[in-house]
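File shown: run04.txt. Contents: compact mmCIF, C-alpha atoms.
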# COMPACT_ATOMS: atom_id res chain seq x y z
CA ASP P 1 10.44 23.32 8.80
CA ALA P 2 8.75 20.73 11.01
CA LYS P 3 11.14 18.89 13.30
CA ILE P 4 10.99 15.85 15.55
CA SER P 5 13.33 14.57 18.24
CA VAL P 6 16.06 12.04 17.48
CA PHE P 7 14.70 10.23 20.57
CA ASP P 8 11.40 9.54 18.78
CA SER P 9 10.46 5.86 18.89
CA GLY P 10 9.91 5.74 15.14
CA TYR P 11 13.42 6.99 14.41
CA LEU P 12 15.09 4.86 17.10
CA VAL P 13 13.50 1.46 16.49
CA GLY P 14 10.86 1.83 13.76
CA ASP P 15 8.14 1.81 16.44
CA GLY P 16 5.26 3.42 14.59
CA ILE P 17 2.33 2.97 12.23
CA TRP P 18 1.19 4.90 9.16
CA GLU P 19 -1.40 5.43 6.45
CA ALA P 20 -1.32 7.12 3.03
CA VAL P 21 -4.45 8.73 1.58
CA ARG P 22 -5.23 10.42 -1.73
CA LEU P 23 -6.90 13.83 -1.73
CA SER P 24 -9.11 14.26 -4.79
CA LYS P 25 -11.29 17.36 -5.29
CA GLY P 26 -11.31 18.05 -1.55
CA THR P 27 -12.17 14.46 -0.60
CA LEU P 28 -9.87 12.09 1.29
CA ILE P 29 -10.48 8.94 -0.75
CA PHE P 30 -11.58 5.85 1.23
CA ILE P 31 -10.68 7.66 4.47
CA ASP P 32 -12.93 5.43 6.59
CA ASP P 33 -11.07 2.33 5.38
CA HIS P 34 -7.70 3.95 6.04
CA LEU P 35 -8.64 5.10 9.55
CA SER P 36 -10.01 1.65 10.41
CA ARG P 37 -6.72 0.10 9.34
CA LEU P 38 -4.77 2.68 11.37
CA TRP P 39 -6.83 1.99 14.49
CA ASN P 40 -6.36 -1.78 14.05
CA ALA P 41 -2.59 -1.24 13.76
CA ALA P 42 -2.58 0.93 16.88
CA LYS P 43 -4.41 -1.73 18.86
CA ALA P 44 -2.09 -4.48 17.61
CA THR P 45 1.02 -2.50 18.61
CA GLY P 46 -0.33 -1.11 21.88
CA ILE P 47 -0.15 2.54 20.82
CA GLN P 48 -2.80 4.57 22.66
CA LEU P 49 -4.14 7.09 20.14
CA PRO P 50 -4.99 10.39 21.91
CA PHE P 51 -7.70 11.36 19.42
CA THR P 52 -10.85 9.93 17.86
CA LYS P 53 -11.16 9.06 14.18
CA GLN P 54 -13.18 12.22 13.61
CA GLU P 55 -10.62 14.34 15.46
CA LEU P 56 -7.80 12.94 13.33
CA ARG P 57 -9.84 13.56 10.21
CA ASP P 58 -10.33 17.19 11.32
CA ILE P 59 -6.60 17.56 12.02
CA VAL P 60 -5.72 16.33 8.52
CA HIS P 61 -8.26 18.67 6.93
CA SER P 62 -6.84 21.60 8.94
CA VAL P 63 -3.35 20.85 7.60
CA LEU P 64 -4.72 20.72 4.06
CA LYS P 65 -6.62 23.98 4.58
CA ILE P 66 -3.54 25.81 5.91
CA ASN P 67 -1.65 24.72 2.78
CA ASN P 68 -4.57 25.53 0.43
CA MET P 69 -4.55 21.94 -0.87
CA ILE P 70 -7.63 20.59 -2.66
CA ASP P 71 -6.64 18.14 -5.38
CA GLY P 72 -3.78 15.94 -6.58
CA VAL P 73 -2.36 15.51 -3.08
CA HIS P 74 -0.87 12.45 -1.39
CA VAL P 75 -1.22 12.57 2.40
CA ARG P 76 1.02 10.50 4.66
CA ILE P 77 -0.18 10.08 8.27
CA MET P 78 2.41 8.72 10.69
CA VAL P 79 2.01 7.91 14.38
CA THR P 80 4.90 6.82 16.60
CA ARG P 81 4.82 5.66 20.21
CA GLY P 82 6.48 8.92 21.29
CA ILE P 83 9.73 10.28 22.70
CA LYS P 84 12.07 7.98 24.63
CA LYS P 85 14.26 9.20 27.47
CA THR P 86 17.08 7.04 26.10
CA PRO P 87 17.62 4.94 22.96
CA SER P 88 15.81 1.69 23.72
CA GLN P 89 13.13 -0.69 22.49
CA ASP P 90 11.41 -0.64 25.90
CA PRO P 91 8.01 1.11 25.58
CA ARG P 92 8.11 1.86 29.33
CA LEU P 93 10.89 4.36 28.64
CA THR P 94 8.56 6.52 26.53
CA ILE P 95 8.18 9.93 28.19
CA SER P 96 5.56 11.52 25.91
CA GLY P 97 2.33 10.66 24.20
CA PRO P 98 2.29 9.44 20.59
CA ASN P 99 3.78 11.75 17.96
CA LEU P 100 1.63 12.55 14.93
CA VAL P 101 3.24 13.62 11.66
CA ILE P 102 1.20 14.60 8.58
CA ILE P 103 2.97 15.11 5.26
CA PRO P 104 0.75 16.37 2.40
CA GLU P 105 2.46 16.58 -0.99
CA TYR P 106 1.37 17.54 -4.47
CA LYS P 107 2.21 14.16 -5.89
CA LEU P 108 0.77 12.21 -8.82
CA ALA P 109 1.74 8.83 -10.23
CA ASP P 110 4.13 8.93 -13.18
CA LEU P 111 2.07 8.72 -16.38
CA LYS P 112 4.88 6.74 -18.02
CA SER P 113 4.34 3.96 -15.49
CA LYS P 114 0.60 3.96 -16.22
CA THR P 115 1.11 3.76 -19.99
CA LYS P 116 4.36 1.83 -20.39
CA GLY P 117 4.07 -0.33 -17.28
CA ILE P 118 6.70 -1.47 -14.81
CA LYS P 119 9.12 -4.38 -14.53
CA LEU P 120 9.21 -6.76 -11.57
CA PHE P 121 12.05 -8.90 -10.24
CA THR P 122 11.49 -11.73 -7.78
CA SER P 123 13.44 -11.07 -4.60
CA THR P 124 15.10 -13.79 -2.53
CA ILE P 125 13.65 -12.06 0.55
CA ARG P 126 10.33 -13.61 1.57
CA ARG P 127 7.22 -12.05 3.02
CA GLY P 128 7.18 -12.96 6.69
CA SER P 129 4.85 -15.24 8.59
CA PRO P 130 2.08 -13.60 10.67
CA ASP P 131 3.56 -15.08 13.86
CA TYR P 132 6.62 -12.78 13.86
CA LEU P 133 5.69 -9.67 11.83
CA ASP P 134 2.27 -9.86 10.24
CA PRO P 135 2.51 -8.45 6.69
CA LYS P 136 -0.94 -6.89 7.21
CA LEU P 137 0.49 -4.55 9.85
CA ASN P 138 1.23 -1.15 8.28
CA CYS P 139 4.20 -0.32 10.50
CA HIS P 140 7.40 1.70 10.16
CA SER P 141 9.58 -1.43 10.18
CA LYS P 142 10.06 -1.82 6.41
CA LEU P 143 13.75 -2.72 6.15
CA HIS P 144 13.18 -6.16 4.62
CA GLU P 145 10.99 -4.60 1.92
CA VAL P 146 13.69 -1.99 1.25
CA GLN P 147 16.22 -4.83 0.88
CA ALA P 148 13.90 -6.59 -1.56
CA LEU P 149 13.53 -3.40 -3.60
CA ILE P 150 17.31 -2.91 -3.68
CA GLN P 151 17.65 -6.38 -5.22
CA ALA P 152 15.05 -5.47 -7.85
CA ILE P 153 16.71 -2.16 -8.68
CA GLU P 154 20.12 -3.83 -9.02
CA ALA P 155 18.49 -6.32 -11.41
CA GLY P 156 17.17 -3.46 -13.54
CA ALA P 157 13.54 -3.70 -12.37
CA ASP P 158 11.18 -1.16 -10.79
CA GLU P 159 9.60 -3.15 -7.97
CA ALA P 160 10.29 -6.41 -6.14
CA LEU P 161 7.91 -9.35 -6.39
CA MET P 162 7.97 -11.24 -3.09
CA LEU P 163 7.05 -14.85 -2.33
CA ASP P 164 5.47 -16.09 0.89
CA VAL P 165 7.06 -18.55 3.30
CA ASN P 166 5.66 -21.44 1.23
CA GLY P 167 7.08 -20.20 -2.07
CA PHE P 168 3.84 -18.89 -3.55
CA VAL P 169 3.54 -15.37 -5.00
CA SER P 170 2.51 -13.00 -2.22
CA THR P 171 2.87 -9.30 -3.00
CA CYS P 172 5.40 -6.67 -4.03
CA ASN P 173 7.61 -4.62 -1.73
CA SER P 174 5.18 -1.66 -1.66
CA THR P 175 2.20 -2.74 -3.79
CA ASN P 176 -0.13 -5.70 -4.17
CA PHE P 177 0.11 -8.05 -7.16
CA PHE P 178 -2.63 -9.29 -9.50
CA MET P 179 -2.48 -11.43 -12.63
CA ILE P 180 -5.06 -12.30 -15.28
CA LYS P 181 -5.31 -15.58 -17.18
CA ASP P 182 -8.09 -16.55 -19.60
CA GLY P 183 -10.36 -13.75 -18.36
CA VAL P 184 -9.96 -14.62 -14.69
CA VAL P 185 -8.31 -12.31 -12.14
CA TYR P 186 -6.01 -13.84 -9.53
CA THR P 187 -4.38 -12.43 -6.40
CA SER P 188 -2.80 -14.09 -3.38
CA THR P 189 -4.75 -15.55 -0.48
CA GLY P 190 -4.03 -12.40 1.54
CA GLN P 191 -2.39 -14.37 4.37
CA TYR P 192 1.10 -13.05 3.62
CA CYS P 193 0.47 -9.73 1.90
CA MET P 194 -0.26 -6.15 2.81
CA ASN P 195 -3.82 -5.39 3.81
CA GLY P 196 -4.17 -3.12 0.79
CA ILE P 197 -7.17 -0.79 0.51
CA THR P 198 -6.81 -0.57 -3.28
CA ARG P 199 -6.41 -4.35 -3.46
CA GLN P 200 -9.71 -4.79 -1.62
CA LYS P 201 -11.44 -2.23 -3.85
CA VAL P 202 -10.34 -4.16 -6.98
CA ILE P 203 -11.71 -7.40 -5.49
CA GLU P 204 -15.00 -5.61 -4.74
CA ILE P 205 -15.12 -4.13 -8.26
CA CYS P 206 -14.72 -7.62 -9.72
CA ALA P 207 -17.55 -8.97 -7.57
CA LYS P 208 -19.86 -6.07 -8.46
CA ASN P 209 -19.18 -6.42 -12.20
CA LYS P 210 -19.30 -10.23 -12.25
CA ILE P 211 -15.63 -10.51 -13.18
CA PRO P 212 -14.18 -13.81 -11.87
CA CYS P 213 -11.60 -13.05 -9.19
CA HIS P 214 -9.89 -15.67 -7.04
CA GLN P 215 -7.73 -15.21 -3.95
CA LYS P 216 -5.58 -18.33 -4.04
CA ASN P 217 -2.05 -19.70 -4.05
CA PHE P 218 -0.17 -19.51 -7.35
CA SER P 219 3.46 -19.83 -8.32
CA LEU P 220 6.00 -17.91 -10.38
CA TYR P 221 5.35 -20.49 -13.12
CA ASP P 222 1.74 -19.26 -13.24
CA THR P 223 2.74 -15.59 -13.34
CA TYR P 224 5.16 -16.14 -16.23
CA GLY P 225 2.24 -17.50 -18.27
CA ALA P 226 -0.16 -14.71 -17.35
CA ASP P 227 -2.03 -12.83 -20.08
CA GLU P 228 -1.88 -9.63 -18.03
CA ALA P 229 -0.55 -8.46 -14.68
CA PHE P 230 -0.77 -5.31 -12.59
CA VAL P 231 0.00 -3.94 -9.15
CA THR P 232 -2.23 -1.85 -6.88
CA GLY P 233 -1.58 0.87 -4.34
CA THR P 234 -3.10 4.03 -2.91
CA PHE P 235 -0.65 6.28 -4.75
CA GLY P 236 -0.58 4.67 -8.21
CA GLY P 237 -3.98 2.99 -8.35
CA LEU P 238 -3.63 0.18 -10.92
CA THR P 239 -0.27 0.00 -12.71
CA PRO P 240 0.37 -2.53 -15.50
CA VAL P 241 3.29 -4.96 -15.28
CA THR P 242 5.13 -5.59 -18.54
CA LYS P 243 7.94 -7.90 -17.40
CA ILE P 244 8.50 -10.36 -14.55
CA ASP P 245 12.06 -11.63 -14.17
CA GLY P 246 12.73 -10.59 -17.75
CA LYS P 247 9.72 -12.45 -19.14
CA MET P 248 7.32 -10.32 -21.19
CA ILE P 249 3.70 -9.90 -20.09
CA GLU P 250 1.64 -8.70 -23.08
CA ASN P 251 -0.87 -6.36 -21.45
CA GLN P 252 -0.28 -2.89 -22.81
CA ASN P 253 -3.71 -2.65 -24.47
CA ASP P 254 -6.10 -0.30 -22.66
CA LEU P 255 -9.02 -2.35 -24.03
CA SER P 256 -7.84 -5.33 -22.02
CA LEU P 257 -9.47 -6.63 -18.84
CA ARG P 258 -6.77 -4.84 -16.88
CA GLY P 259 -7.62 -1.62 -18.69
CA ASN P 260 -11.31 -2.14 -17.90
CA LEU P 261 -10.53 -2.65 -14.21
CA ASP P 262 -8.44 0.52 -14.25
CA ARG P 263 -11.37 2.51 -15.66
CA LEU P 264 -13.79 1.03 -13.12
CA TYR P 265 -11.41 1.94 -10.30
CA GLU P 266 -11.02 5.51 -11.54
CA GLU P 267 -14.83 5.76 -11.76
CA LEU P 268 -14.98 4.67 -8.12
CA ILE P 269 -12.49 7.41 -7.21
CA ALA P 270 -14.52 9.96 -9.18
CA ASN P 271 -17.72 8.96 -7.38
CA GLU P 272 -15.96 9.26 -4.01
CA SER P 273 -14.82 12.77 -4.98
CA LYS P 274 -18.28 14.09 -5.85
CA PRO P 275 -19.50 16.83 -3.45
Please lay out the structure from this file as structure tokens.
Amino acid sequence: DAKISVFDSGYLVGDGIWEAVRLSKGTLIFIDDHLSRLWNAAKATGIQLPFTKQELRDIVHSVLKINNMIDGVHVRIMVTRGIKKTPSQDPRLTISGPNLVIIPEYKLADLKSKTKGIKLFTSTIRRGSPDYLDPKLNCHSKLHEVQALIQAIEAGADEALMLDVNGFVSTCNSTNFFMIKDGVVYTSTGQYCMNGITRQKVIEICAKNKIPCHQKNFSLYDTYGADEAFVTGTFGGLTPVTKIDGKMIENQNDLSLRGNLDRLYEELIANESKP
């Protein structure tokens, strides 16, 4: 029943920032990392947040308490610049403080995706350069990613693989991409991809467990020859990739390196959830 004005900056011009957090056994997983990213986005966009990190954390917990939510919940936190007095891009025409929207849902990743994997299709739409819309900025302006996903769906795939401005593999439209070759994990340099929390946790897991992991440039040619591939995100965790542009990636074995990384990540989640 919650409502928001059609004059809200987020609705009018996509002027807003957001985070998505998993609730597991009463714990907001990696909440400190998510709030740090939200505050960085607010500073970059000039949105003056009217609360502290602790106050926002308390607000989210109050929403969860009202709804009796403890586990298996996906929480979306959205902040827009506020209400405009007229449809316009001009931030000086904002007549309210920032609007905060919190959407908690009982929402779990599809088990079929975790077991059978997903298919990727390489979009013609590139990940942008940091000098005009930094891909690390978690903002409401996602139209080019939606366009990339539409191309993938029309090609019979589940997610769009996106290249950077130099033609190297960058990320997917809503997740981060990893591949494995000869026991080594590879992901992009991070210059043209989302500043993914799960992506960073996988990199840290590799370092802690002495699993070789390189952030470097690689091409579609390299991905087609990968032994395994997977994507990462707050909602789905680690999801195996079985096809890229119609080419099979043989990684459906849970005893694989990808499967081991998945277990290590779920152990990390379990440790975060302990009281």
Nearby residues (only C-alpha atoms) at most 10 Å from Phe178 in chain P, same-chain spacing under 5 positions excluded, as JSON, numbers by chain: {"P": [169, 170, 171, 185, 186, 187, 188, 199, 202, 213, 214, 215, 223, 226, 228, 229, 230, 231, 232, 238, 240, 241, 258]}
Closest of P:Glu145, P:Thr122, P:Glu154, P:Asp262 to Tyr221 in chain P - atom-to-atom distances counting only C-alpha atoms: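 Smallest separation from Tyr221 in chain P among the options: P:Thr122.
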Residues near Asp15 in chain P, cut-off 10 Å, all atoms listed in the file, skip fewer than 3 positions along chain, as a ChimeraX atom specification: /P:8-12,45,47,79-82,89,91,139-141
Just write the chosen residues, C-alpha atoms, as a short mmCIF file (atom, residue, chain, number, x, y, z; two decimals), in the frame of the given file.
data_model
loop_
_atom_site.label_atom_id
_atom_site.label_comp_id
_atom_site.auth_asym_id
_atom_site.auth_seq_id
_atom_site.Cartn_x
_atom_site.Cartn_y
_atom_site.Cartn_z
CA ASP P 8 11.40 9.54 18.78
CA SER P 9 10.46 5.86 18.89
CA GLY P 10 9.91 5.74 15.14
CA TYR P 11 13.42 6.99 14.41
CA LEU P 12 15.09 4.86 17.10
CA THR P 45 1.02 -2.50 18.61
CA ILE P 47 -0.15 2.54 20.82
CA VAL P 79 2.01 7.91 14.38
CA THR P 80 4.90 6.82 16.60
CA ARG P 81 4.82 5.66 20.21
CA GLY P 82 6.48 8.92 21.29
CA GLN P 89 13.13 -0.69 22.49
CA PRO P 91 8.01 1.11 25.58
CA CYS P 139 4.20 -0.32 10.50
CA HIS P 140 7.40 1.70 10.16
CA SER P 141 9.58 -1.43 10.18
#
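Between Phe177 in chain P and the candidates P:Ala157, P:Ile211, P:Ile244, P:Ile125, the tightest atom-to-atom separation, counting all atoms listed in the file, involves P:Ile244.
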Separation of CA of Ile197 in chain P from CA of Lys53 in chain P, in Å and rounded to one decimal: 17.3 Å
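Ranking P:Pro50, P:Gly225, P:Pro275, P:Gly72 by their shortest atom-to-atom distance to Glu105 in chain P, with all atoms listed in the file included, puts P:Gly72 first.
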Test item: residues at most 12 Å from Ser174 in chain P, all atoms listed in the file, excluding those fewer than 4 positions along its chain, as number ranges by chain: P: 20, 120, 127, 135-136, 138, 142-149, 158-162, 170, 193-196, 231-236
Written file, previous selection with C-alpha atoms, as a compact mmCIF listing (two decimals), in the coordinates of the input:
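As a result, result.txt now contains:
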# COMPACT_ATOMS: atom_id res chain seq x y z
CA ALA P 20 -1.32 7.12 3.03
CA LEU P 120 9.21 -6.76 -11.57
CA ARG P 127 7.22 -12.05 3.02
CA PRO P 135 2.51 -8.45 6.69
CA LYS P 136 -0.94 -6.89 7.21
CA ASN P 138 1.23 -1.15 8.28
CA LYS P 142 10.06 -1.82 6.41
CA LEU P 143 13.75 -2.72 6.15
CA HIS P 144 13.18 -6.16 4.62
CA GLU P 145 10.99 -4.60 1.92
CA VAL P 146 13.69 -1.99 1.25
CA GLN P 147 16.22 -4.83 0.88
CA ALA P 148 13.90 -6.59 -1.56
CA LEU P 149 13.53 -3.40 -3.60
CA ASP P 158 11.18 -1.16 -10.79
CA GLU P 159 9.60 -3.15 -7.97
CA ALA P 160 10.29 -6.41 -6.14
CA LEU P 161 7.91 -9.35 -6.39
CA MET P 162 7.97 -11.24 -3.09
CA SER P 170 2.51 -13.00 -2.22
CA CYS P 193 0.47 -9.73 1.90
CA MET P 194 -0.26 -6.15 2.81
CA ASN P 195 -3.82 -5.39 3.81
CA GLY P 196 -4.17 -3.12 0.79
CA VAL P 231 0.00 -3.94 -9.15
CA THR P 232 -2.23 -1.85 -6.88
CA GLY P 233 -1.58 0.87 -4.34
CA THR P 234 -3.10 4.03 -2.91
CA PHE P 235 -0.65 6.28 -4.75
CA GLY P 236 -0.58 4.67 -8.21
Distance in Å - CA of Ser113 in chain P versus CA of Ile203 in chain P: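 Answer for the CA of Ser113 in chain P to CA of Ile203 in chain P separation: 22.1 Å.
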Length of the CA of Thr124 in chain P to CA of Gly16 in chain P vector [Å]: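 For CA of Thr124 in chain P relative to CA of Gly16 in chain P, the distance reads 26.2 Å.
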Pick from P:Thr52, P:Thr198, P:Leu111, P:Ser5 nearest to His34 in chain P, counting all atoms listed in the file: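 That would be P:Thr198, the residue with the smallest distance to His34 in chain P.
Checking P:Leu23, P:Leu64, P:Met179, P:Ile4 one by one against Val101 in chain P, counting only C-alpha atoms, you find the shortest gap at P:Ile4.
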